[in-house]
Amino acid sequence: MSFREKSAWITLVTVLVVFGAYFSALLTGHVRGFHSLFLLLVCGIGLLVLQVALNLIAIMTTPRDGRAPRDERETLIQWRSHTLGYYVLMVFVLALFVPVHFGHTALDMANFALFAVVIATVSVAVAQIVMFRRGA
């Protein structure tokens, strides 16, 4: 498995774990109001630490591949996956007008927007993994 594919797996798993915990705490009602901002800060720092640590481990397991420049195939995979993620994000951002009409607060709207970014990030990582596995 190449470093770039490992990096996509790391992104997928860490984002699902960290923001899965964040959104499950919001949905179960354990965190309300501005206390959710503290949880978001903790989750953001946790994601940063996990991403850096796991990517350093991935670089150490594939030292030449981790420092090598992207080849044409990896560049095309990155472009395709980011294009897909952009379209996913735009659909979710355009869908944000729905909760506005149900009277959600600004904090809820910020969480909906964050959910859209998380879904777009997950879609980029999944697209990269599929394309690396497929050999595209």
# chains A, B, ... in the order shown; residues from 1 in each chain; ligands from 1
$ residues_around --residues "Leu47 (chain A)" --least-positions-apart "5" --cutoff "10 Å" --atoms "only C-alpha atoms" --output "PyMOL selection string"
chain A and resi 11+14-19+41-42+52-53
$ residues_around --residues "Phe23 (chain A)" --least-positions-apart "2" --cutoff "12 Å" --atoms "only C-alpha atoms" --output "list in words"
Val15, Leu16, Val17, Val18, Phe19, Gly20, Ala21, Ala25, Leu26, Leu27, Thr28, Gly29, His30, Val31, Arg32, Ser36, Leu37, Leu39, Leu40, Cys43, Asp108, Asn111, Phe112, Leu114, Phe115 and Val118 of chain A
$ write_last_selection --atoms "N, CA, C and O atoms" --output "mmCIF file, in the first residue's frame"
data_model
loop_
_atom_site.group_PDB
_atom_site.id
_atom_site.type_symbol
_atom_site.label_atom_id
_atom_site.label_comp_id
_atom_site.auth_asym_id
_atom_site.auth_seq_id
_atom_site.Cartn_x
_atom_site.Cartn_y
_atom_site.Cartn_z
ATOM 1 N N VAL A 15 -11.282 10.957 10.845
ATOM 2 C CA VAL A 15 -12.426 11.865 10.736
ATOM 3 C C VAL A 15 -13.703 11.161 11.196
ATOM 4 O O VAL A 15 -14.518 11.756 11.918
ATOM 5 N N LEU A 16 -13.884 9.903 10.813
ATOM 6 C CA LEU A 16 -15.075 9.178 11.260
ATOM 7 C C LEU A 16 -15.097 8.991 12.775
ATOM 8 O O LEU A 16 -16.141 9.160 13.413
ATOM 9 N N VAL A 17 -13.959 8.666 13.356
ATOM 10 C CA VAL A 17 -13.912 8.444 14.802
ATOM 11 C C VAL A 17 -14.132 9.749 15.562
ATOM 12 O O VAL A 17 -14.983 9.829 16.455
ATOM 13 N N VAL A 18 -13.370 10.777 15.221
ATOM 14 C CA VAL A 18 -13.427 12.028 15.981
ATOM 15 C C VAL A 18 -14.775 12.719 15.813
ATOM 16 O O VAL A 18 -15.431 13.081 16.795
ATOM 17 N N PHE A 19 -15.204 12.904 14.576
ATOM 18 C CA PHE A 19 -16.459 13.615 14.387
ATOM 19 C C PHE A 19 -17.673 12.719 14.609
ATOM 20 O O PHE A 19 -18.770 13.218 14.853
ATOM 21 N N GLY A 20 -17.483 11.415 14.549
ATOM 22 C CA GLY A 20 -18.549 10.520 14.985
ATOM 23 C C GLY A 20 -18.826 10.699 16.457
ATOM 24 O O GLY A 20 -19.987 10.744 16.897
ATOM 25 N N ALA A 21 -17.769 10.825 17.254
ATOM 26 C CA ALA A 21 -17.933 11.082 18.689
ATOM 27 C C ALA A 21 -18.574 12.447 18.923
ATOM 28 O O ALA A 21 -19.452 12.586 19.785
ATOM 29 N N ALA A 25 -22.367 12.875 20.470
ATOM 30 C CA ALA A 25 -22.573 13.611 21.719
ATOM 31 C C ALA A 25 -23.622 14.702 21.530
ATOM 32 O O ALA A 25 -24.425 14.963 22.434
ATOM 33 N N LEU A 26 -23.646 15.325 20.365
ATOM 34 C CA LEU A 26 -24.664 16.339 20.103
ATOM 35 C C LEU A 26 -26.053 15.720 19.976
ATOM 36 O O LEU A 26 -27.035 16.246 20.499
ATOM 37 N N LEU A 27 -26.133 14.592 19.264
ATOM 38 C CA LEU A 27 -27.438 13.975 19.025
ATOM 39 C C LEU A 27 -28.038 13.349 20.276
ATOM 40 O O LEU A 27 -29.258 13.333 20.432
ATOM 41 N N THR A 28 -27.189 12.817 21.144
ATOM 42 C CA THR A 28 -27.713 12.208 22.362
ATOM 43 C C THR A 28 -28.075 13.245 23.409
ATOM 44 O O THR A 28 -28.717 12.915 24.403
ATOM 45 N N GLY A 29 -27.667 14.478 23.224
ATOM 46 C CA GLY A 29 -28.018 15.544 24.147
ATOM 47 C C GLY A 29 -27.078 15.679 25.326
ATOM 48 O O GLY A 29 -27.384 16.377 26.289
ATOM 49 N N HIS A 30 -25.918 15.025 25.277
ATOM 50 C CA HIS A 30 -24.958 15.137 26.374
ATOM 51 C C HIS A 30 -24.318 16.526 26.423
ATOM 52 O O HIS A 30 -23.884 16.961 27.474
ATOM 53 N N VAL A 31 -24.277 17.177 25.278
ATOM 54 C CA VAL A 31 -23.645 18.497 25.193
ATOM 55 C C VAL A 31 -24.659 19.450 24.580
ATOM 56 O O VAL A 31 -25.248 19.169 23.544
ATOM 57 N N ARG A 32 -24.851 20.572 25.227
ATOM 58 C CA ARG A 32 -25.796 21.570 24.742
ATOM 59 C C ARG A 32 -25.153 22.951 24.723
ATOM 60 O O ARG A 32 -24.260 23.237 25.513
ATOM 61 N N SER A 36 -20.794 22.780 23.479
ATOM 62 C CA SER A 36 -20.438 22.034 22.271
ATOM 63 C C SER A 36 -19.208 22.641 21.589
ATOM 64 O O SER A 36 -18.470 21.945 20.901
ATOM 65 N N LEU A 37 -18.985 23.941 21.788
ATOM 66 C CA LEU A 37 -17.790 24.562 21.215
ATOM 67 C C LEU A 37 -16.522 24.044 21.884
ATOM 68 O O LEU A 37 -15.499 23.859 21.217
ATOM 69 N N LEU A 39 -16.272 21.024 23.177
ATOM 70 C CA LEU A 39 -16.132 19.678 22.625
ATOM 71 C C LEU A 39 -15.562 19.731 21.208
ATOM 72 O O LEU A 39 -14.720 18.906 20.841
ATOM 73 N N LEU A 40 -15.996 20.699 20.429
ATOM 74 C CA LEU A 40 -15.465 20.862 19.074
ATOM 75 C C LEU A 40 -13.977 21.180 19.105
ATOM 76 O O LEU A 40 -13.204 20.648 18.298
ATOM 77 N N CYS A 43 -12.182 17.984 19.979
ATOM 78 C CA CYS A 43 -12.195 17.079 18.816
ATOM 79 C C CYS A 43 -11.242 17.562 17.725
ATOM 80 O O CYS A 43 -10.569 16.760 17.081
ATOM 81 N N ASP A 108 -26.800 25.601 15.666
ATOM 82 C CA ASP A 108 -27.220 24.406 14.927
ATOM 83 C C ASP A 108 -26.809 24.503 13.457
ATOM 84 O O ASP A 108 -26.365 23.529 12.859
ATOM 85 N N ASN A 111 -23.247 23.710 13.089
ATOM 86 C CA ASN A 111 -23.026 22.275 13.173
ATOM 87 C C ASN A 111 -23.459 21.559 11.894
ATOM 88 O O ASN A 111 -22.822 20.597 11.469
ATOM 89 N N PHE A 112 -24.548 22.020 11.275
ATOM 90 C CA PHE A 112 -24.954 21.449 9.992
ATOM 91 C C PHE A 112 -23.884 21.707 8.922
ATOM 92 O O PHE A 112 -23.579 20.834 8.098
ATOM 93 N N LEU A 114 -20.697 22.192 9.502
ATOM 94 C CA LEU A 114 -19.568 21.328 9.850
ATOM 95 C C LEU A 114 -19.823 19.901 9.397
ATOM 96 O O LEU A 114 -18.922 19.226 8.900
ATOM 97 N N PHE A 115 -21.052 19.437 9.542
ATOM 98 C CA PHE A 115 -21.407 18.097 9.078
ATOM 99 C C PHE A 115 -21.206 17.986 7.566
ATOM 100 O O PHE A 115 -20.736 16.960 7.071
ATOM 101 N N VAL A 118 -17.536 17.566 6.954
ATOM 102 C CA VAL A 118 -17.102 16.219 7.333
ATOM 103 C C VAL A 118 -17.508 15.209 6.263
ATOM 104 O O VAL A 118 -16.705 14.355 5.870
#
$ closest_residue --among "A:Ser24, A:Gln128, A:Ser7, A:Ser2" --to "Trp79 (chain A)" --atoms "only C-alpha atoms"
A:Gln128
$ residues_around --residues "Pro63 (chain A)" --least-positions-apart "5" --cutoff "9 Å" --atoms "only C-alpha atoms" --output "list in words"
Phe3, Ala58 and Ala68 of chain A
$ write_last_selection --atoms "N, CA, C and O atoms" --output "compact mmCIF listing (two decimals), in the first residue's frame"
# COMPACT_ATOMS: atom_id res chain seq x y z
N PHE A 3 2.01 5.28 0.30
CA PHE A 3 1.85 6.27 1.37
C PHE A 3 0.58 7.09 1.17
O PHE A 3 -0.13 7.38 2.13
N ALA A 58 3.11 6.42 9.12
CA ALA A 58 3.02 5.98 7.73
C ALA A 58 4.27 6.37 6.94
O ALA A 58 4.74 5.61 6.09
N ALA A 68 8.54 11.02 -1.64
CA ALA A 68 8.61 11.13 -3.10
C ALA A 68 7.54 12.09 -3.60
O ALA A 68 6.45 12.19 -3.03
$ atom_distance --atom1 "CA of Phe38 (chain A)" --atom2 "CA of Thr121 (chain A)"
21.9 Å
$ decode --residues "region 29-42 of chain A" --atoms "all heavy atoms" --output "PDB file, in the first residue's frame"
ATOM      1  N   GLY A  29     -27.667  14.478  23.224  1.00  0.00           N
ATOM      2  CA  GLY A  29     -28.018  15.544  24.147  1.00  0.00           C
ATOM      3  C   GLY A  29     -27.078  15.679  25.326  1.00  0.00           C
ATOM      4  O   GLY A  29     -27.384  16.377  26.289  1.00  0.00           O
ATOM      5  N   HIS A  30     -25.918  15.025  25.277  1.00  0.00           N
ATOM      6  CA  HIS A  30     -24.958  15.137  26.374  1.00  0.00           C
ATOM      7  C   HIS A  30     -24.318  16.526  26.423  1.00  0.00           C
ATOM      8  O   HIS A  30     -23.884  16.961  27.474  1.00  0.00           O
ATOM      9  CB  HIS A  30     -23.863  14.076  26.242  1.00  0.00           C
ATOM     10  CG  HIS A  30     -24.330  12.691  26.546  1.00  0.00           C
ATOM     11  ND1 HIS A  30     -25.600  12.258  26.297  1.00  0.00           N
ATOM     12  CD2 HIS A  30     -23.694  11.631  27.086  1.00  0.00           C
ATOM     13  CE1 HIS A  30     -25.728  11.012  26.667  1.00  0.00           C
ATOM     14  NE2 HIS A  30     -24.586  10.597  27.148  1.00  0.00           N
ATOM     15  N   VAL A  31     -24.277  17.177  25.278  1.00  0.00           N
ATOM     16  CA  VAL A  31     -23.645  18.497  25.193  1.00  0.00           C
ATOM     17  C   VAL A  31     -24.659  19.450  24.580  1.00  0.00           C
ATOM     18  O   VAL A  31     -25.248  19.169  23.544  1.00  0.00           O
ATOM     19  CB  VAL A  31     -22.377  18.436  24.312  1.00  0.00           C
ATOM     20  CG1 VAL A  31     -21.754  19.799  24.184  1.00  0.00           C
ATOM     21  CG2 VAL A  31     -21.388  17.446  24.875  1.00  0.00           C
ATOM     22  N   ARG A  32     -24.851  20.572  25.227  1.00  0.00           N
ATOM     23  CA  ARG A  32     -25.796  21.570  24.742  1.00  0.00           C
ATOM     24  C   ARG A  32     -25.153  22.951  24.723  1.00  0.00           C
ATOM     25  O   ARG A  32     -24.260  23.237  25.513  1.00  0.00           O
ATOM     26  CB  ARG A  32     -27.036  21.637  25.640  1.00  0.00           C
ATOM     27  CG  ARG A  32     -27.966  20.498  25.486  1.00  0.00           C
ATOM     28  CD  ARG A  32     -28.806  20.729  24.256  1.00  0.00           C
ATOM     29  NE  ARG A  32     -29.665  19.569  24.054  1.00  0.00           N
ATOM     30  CZ  ARG A  32     -29.900  19.069  22.877  1.00  0.00           C
ATOM     31  NH1 ARG A  32     -29.364  19.620  21.816  1.00  0.00           N
ATOM     32  NH2 ARG A  32     -30.671  18.048  22.728  1.00  0.00           N
ATOM     33  N   GLY A  33     -25.644  23.798  23.833  1.00  0.00           N
ATOM     34  CA  GLY A  33     -25.240  25.204  23.798  1.00  0.00           C
ATOM     35  C   GLY A  33     -23.762  25.395  23.502  1.00  0.00           C
ATOM     36  O   GLY A  33     -23.179  24.718  22.654  1.00  0.00           O
ATOM     37  N   PHE A  34     -23.170  26.316  24.227  1.00  0.00           N
ATOM     38  CA  PHE A  34     -21.784  26.671  23.961  1.00  0.00           C
ATOM     39  C   PHE A  34     -20.799  25.648  24.513  1.00  0.00           C
ATOM     40  O   PHE A  34     -19.609  25.741  24.235  1.00  0.00           O
ATOM     41  CB  PHE A  34     -21.483  28.073  24.483  1.00  0.00           C
ATOM     42  CG  PHE A  34     -22.088  29.139  23.623  1.00  0.00           C
ATOM     43  CD1 PHE A  34     -23.223  29.821  24.039  1.00  0.00           C
ATOM     44  CD2 PHE A  34     -21.543  29.436  22.394  1.00  0.00           C
ATOM     45  CE1 PHE A  34     -23.789  30.794  23.244  1.00  0.00           C
ATOM     46  CE2 PHE A  34     -22.105  30.403  21.586  1.00  0.00           C
ATOM     47  CZ  PHE A  34     -23.231  31.084  22.006  1.00  0.00           C
ATOM     48  N   HIS A  35     -21.283  24.681  25.287  1.00  0.00           N
ATOM     49  CA  HIS A  35     -20.405  23.591  25.719  1.00  0.00           C
ATOM     50  C   HIS A  35     -19.984  22.737  24.520  1.00  0.00           C
ATOM     51  O   HIS A  35     -18.956  22.079  24.544  1.00  0.00           O
ATOM     52  CB  HIS A  35     -21.088  22.721  26.773  1.00  0.00           C
ATOM     53  CG  HIS A  35     -21.356  23.449  28.049  1.00  0.00           C
ATOM     54  ND1 HIS A  35     -20.341  23.835  28.898  1.00  0.00           N
ATOM     55  CD2 HIS A  35     -22.511  23.881  28.602  1.00  0.00           C
ATOM     56  CE1 HIS A  35     -20.869  24.466  29.921  1.00  0.00           C
ATOM     57  NE2 HIS A  35     -22.192  24.511  29.769  1.00  0.00           N
ATOM     58  N   SER A  36     -20.794  22.780  23.479  1.00  0.00           N
ATOM     59  CA  SER A  36     -20.438  22.034  22.271  1.00  0.00           C
ATOM     60  C   SER A  36     -19.208  22.641  21.589  1.00  0.00           C
ATOM     61  O   SER A  36     -18.470  21.945  20.901  1.00  0.00           O
ATOM     62  CB  SER A  36     -21.609  21.984  21.300  1.00  0.00           C
ATOM     63  OG  SER A  36     -21.922  23.268  20.833  1.00  0.00           O
ATOM     64  N   LEU A  37     -18.985  23.941  21.788  1.00  0.00           N
ATOM     65  CA  LEU A  37     -17.790  24.562  21.215  1.00  0.00           C
ATOM     66  C   LEU A  37     -16.522  24.044  21.884  1.00  0.00           C
ATOM     67  O   LEU A  37     -15.499  23.859  21.217  1.00  0.00           O
ATOM     68  CB  LEU A  37     -17.876  26.088  21.330  1.00  0.00           C
ATOM     69  CG  LEU A  37     -18.968  26.747  20.508  1.00  0.00           C
ATOM     70  CD1 LEU A  37     -19.001  28.244  20.758  1.00  0.00           C
ATOM     71  CD2 LEU A  37     -18.797  26.447  19.041  1.00  0.00           C
ATOM     72  N   PHE A  38     -16.589  23.793  23.180  1.00  0.00           N
ATOM     73  CA  PHE A  38     -15.445  23.204  23.867  1.00  0.00           C
ATOM     74  C   PHE A  38     -15.192  21.791  23.353  1.00  0.00           C
ATOM     75  O   PHE A  38     -14.044  21.411  23.101  1.00  0.00           O
ATOM     76  CB  PHE A  38     -15.676  23.179  25.378  1.00  0.00           C
ATOM     77  CG  PHE A  38     -14.571  22.500  26.133  1.00  0.00           C
ATOM     78  CD1 PHE A  38     -13.326  23.097  26.264  1.00  0.00           C
ATOM     79  CD2 PHE A  38     -14.759  21.249  26.692  1.00  0.00           C
ATOM     80  CE1 PHE A  38     -12.302  22.476  26.942  1.00  0.00           C
ATOM     81  CE2 PHE A  38     -13.742  20.618  27.375  1.00  0.00           C
ATOM     82  CZ  PHE A  38     -12.509  21.226  27.502  1.00  0.00           C
ATOM     83  N   LEU A  39     -16.272  21.024  23.177  1.00  0.00           N
ATOM     84  CA  LEU A  39     -16.132  19.678  22.625  1.00  0.00           C
ATOM     85  C   LEU A  39     -15.562  19.731  21.208  1.00  0.00           C
ATOM     86  O   LEU A  39     -14.720  18.906  20.841  1.00  0.00           O
ATOM     87  CB  LEU A  39     -17.474  18.957  22.634  1.00  0.00           C
ATOM     88  CG  LEU A  39     -17.487  17.542  22.064  1.00  0.00           C
ATOM     89  CD1 LEU A  39     -16.563  16.633  22.863  1.00  0.00           C
ATOM     90  CD2 LEU A  39     -18.897  16.999  22.038  1.00  0.00           C
ATOM     91  N   LEU A  40     -15.996  20.699  20.429  1.00  0.00           N
ATOM     92  CA  LEU A  40     -15.465  20.862  19.074  1.00  0.00           C
ATOM     93  C   LEU A  40     -13.977  21.180  19.105  1.00  0.00           C
ATOM     94  O   LEU A  40     -13.204  20.648  18.298  1.00  0.00           O
ATOM     95  CB  LEU A  40     -16.224  21.956  18.324  1.00  0.00           C
ATOM     96  CG  LEU A  40     -15.762  22.255  16.907  1.00  0.00           C
ATOM     97  CD1 LEU A  40     -15.911  21.023  16.023  1.00  0.00           C
ATOM     98  CD2 LEU A  40     -16.543  23.416  16.337  1.00  0.00           C
ATOM     99  N   LEU A  41     -13.555  22.022  20.031  1.00  0.00           N
ATOM    100  CA  LEU A  41     -12.131  22.343  20.180  1.00  0.00           C
ATOM    101  C   LEU A  41     -11.327  21.097  20.549  1.00  0.00           C
ATOM    102  O   LEU A  41     -10.271  20.838  19.964  1.00  0.00           O
ATOM    103  CB  LEU A  41     -11.948  23.434  21.229  1.00  0.00           C
ATOM    104  CG  LEU A  41     -10.508  23.859  21.512  1.00  0.00           C
ATOM    105  CD1 LEU A  41      -9.921  24.557  20.293  1.00  0.00           C
ATOM    106  CD2 LEU A  41     -10.451  24.746  22.731  1.00  0.00           C
ATOM    107  N   VAL A  42     -11.841  20.316  21.482  1.00  0.00           N
ATOM    108  CA  VAL A  42     -11.159  19.085  21.885  1.00  0.00           C
ATOM    109  C   VAL A  42     -11.091  18.102  20.711  1.00  0.00           C
ATOM    110  O   VAL A  42     -10.046  17.489  20.457  1.00  0.00           O
ATOM    111  CB  VAL A  42     -11.869  18.450  23.103  1.00  0.00           C
ATOM    112  CG1 VAL A  42     -11.358  17.052  23.371  1.00  0.00           C
ATOM    113  CG2 VAL A  42     -11.700  19.326  24.323  1.00  0.00           C
TER     114      VAL A  42
END
